[in-house]
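See below for the structure under consideration.
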Amino acid sequence: MGLFDLFARRPALSEGLEQYRNTSGAVLLEESRDGPLPGAKNLPLDRLDTIAEPSGSPLFVYCRSGARSAQAKARLARAGYSVTDLGGLLGYRGPLEA
């Protein structure tokens, strides 16, 4: 991942969540300690290598600031996954799960 990959266009978090909800079979992954978005599964960067082979399910990733989600997207894409980086939770005012 290069420095300019951090500045790549990604949807606003609310826009990306809408896209996730409208994508059949999509999986929402979070690399954050701020509390998951409804339906998200926690998967820290250091555990990305533990997930199974690409299933064909589109992945949507986010984190607190957007930096770790960019890293996760790059690693998952290299492994053959279809990934959308939603960025970070900073500034997001929607519901979080406890």
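Lettering and numbering for the structure tokens are positional, with chains as A, B, ... in the shown order, residues counted from 1 in each chain, and ligands counted from 1 in the shown order.
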
Neighbour list for Gly91 (chain A) as a list in words, cut-off 10 Å, only C-alpha atoms, skip fewer than 2 positions in-chain: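 So the residues in contact are Leu13, Arg64, Ser65, Gly88, Leu89, Arg93 and Gly94 of chain A.
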
Which residues are near Leu43 (chain A)? Cut-off 9 Å, only C-alpha atoms, ignore same chain within fewer than 5 positions. Put them as a PDB file with N, CA and C atoms, in the first residue's frame.
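Everything below was put into part-v5.pdb:
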```
ATOM      1  N   LEU A  29     -17.074  -5.750   7.944  1.00  0.00           N
ATOM      2  CA  LEU A  29     -15.985  -6.017   8.881  1.00  0.00           C
ATOM      3  C   LEU A  29     -15.521  -4.723   9.510  1.00  0.00           C
ATOM      4  N   GLU A  30     -15.259  -4.756  10.808  1.00  0.00           N
ATOM      5  CA  GLU A  30     -14.758  -3.571  11.490  1.00  0.00           C
ATOM      6  C   GLU A  30     -13.433  -3.855  12.161  1.00  0.00           C
ATOM      7  N   GLU A  31     -12.528  -2.900  12.043  1.00  0.00           N
ATOM      8  CA  GLU A  31     -11.234  -2.946  12.687  1.00  0.00           C
ATOM      9  C   GLU A  31     -11.208  -1.713  13.578  1.00  0.00           C
ATOM     10  N   SER A  32     -11.968  -1.777  14.671  1.00  0.00           N
ATOM     11  CA  SER A  32     -12.173  -0.605  15.515  1.00  0.00           C
ATOM     12  C   SER A  32     -12.515  -1.027  16.928  1.00  0.00           C
ATOM     13  N   LEU A  48      -6.303 -10.943   9.982  1.00  0.00           N
ATOM     14  CA  LEU A  48      -6.790 -11.064   8.605  1.00  0.00           C
ATOM     15  C   LEU A  48      -6.353 -12.372   7.965  1.00  0.00           C
TER      16      LEU A  48
END
```

When DSSP is applied to the backbone of this structure, which of region 1-95 of chain A are assigned strand (DSSP E or B)? Write them out as a compact mmCIF listing (two decimals) with C-alpha atoms, in the first residue's frame.
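The resulting file, part-v2.txt, is shown below:
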```txt
# COMPACT_ATOMS: atom_id res chain seq x y z
CA VAL A 27 -20.20 -8.87 4.95
CA LEU A 28 -19.36 -5.82 7.09
CA LEU A 29 -15.98 -6.02 8.88
CA GLU A 30 -14.76 -3.57 11.49
CA GLU A 31 -11.23 -2.95 12.69
CA LYS A 41 -18.01 -8.48 12.58
CA ASN A 42 -14.79 -7.49 14.36
CA LEU A 59 -16.63 -7.27 1.95
CA PHE A 60 -17.09 -3.77 3.35
CA VAL A 61 -14.45 -2.64 5.87
CA TYR A 62 -14.16 0.31 8.25
CA CYS A 63 -12.17 1.35 11.32
CA VAL A 83 -13.55 -5.16 -0.88
CA THR A 84 -15.03 -1.69 -0.39
CA ASP A 85 -13.30 0.58 2.14
CA LEU A 86 -15.85 2.67 4.03
CA GLY A 87 -13.22 4.66 5.91
CA GLY A 88 -13.51 5.67 9.54
```

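Take CA of Gly25 (chain A) and CA of Ile51 (chain A): the distance between them is 16.6 Å.
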
Q | Top pick for closest residue to Leu96 (chain A), considering A:Gln71, A:Ser57, A:Ser82, A:Leu37 and counting only C-alpha atoms | A |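 Of the candidates, the smallest distance to Leu96 (chain A) is held by A:Leu37.
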
Check: With distances taken over only C-alpha atoms, which of A:Ala67, A:Thr23, A:Glu97, A:Ser55 is nearest to Gly80 (chain A)?
Finding: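 Among A:Ala67, A:Thr23, A:Glu97, A:Ser55, it is A:Ser55 that comes nearest to Gly80 (chain A).
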
Computed gap from CA of Arg47 (chain A) to CA of Ala12 (chain A) is 25.7 Å

message: To one decimal place in Å, what is the distance between CA of Pro95 (chain A) and CA of Ala72 (chain A)?
response: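 Between CA of Pro95 (chain A) and CA of Ala72 (chain A) the gap works out to 23.1 Å.
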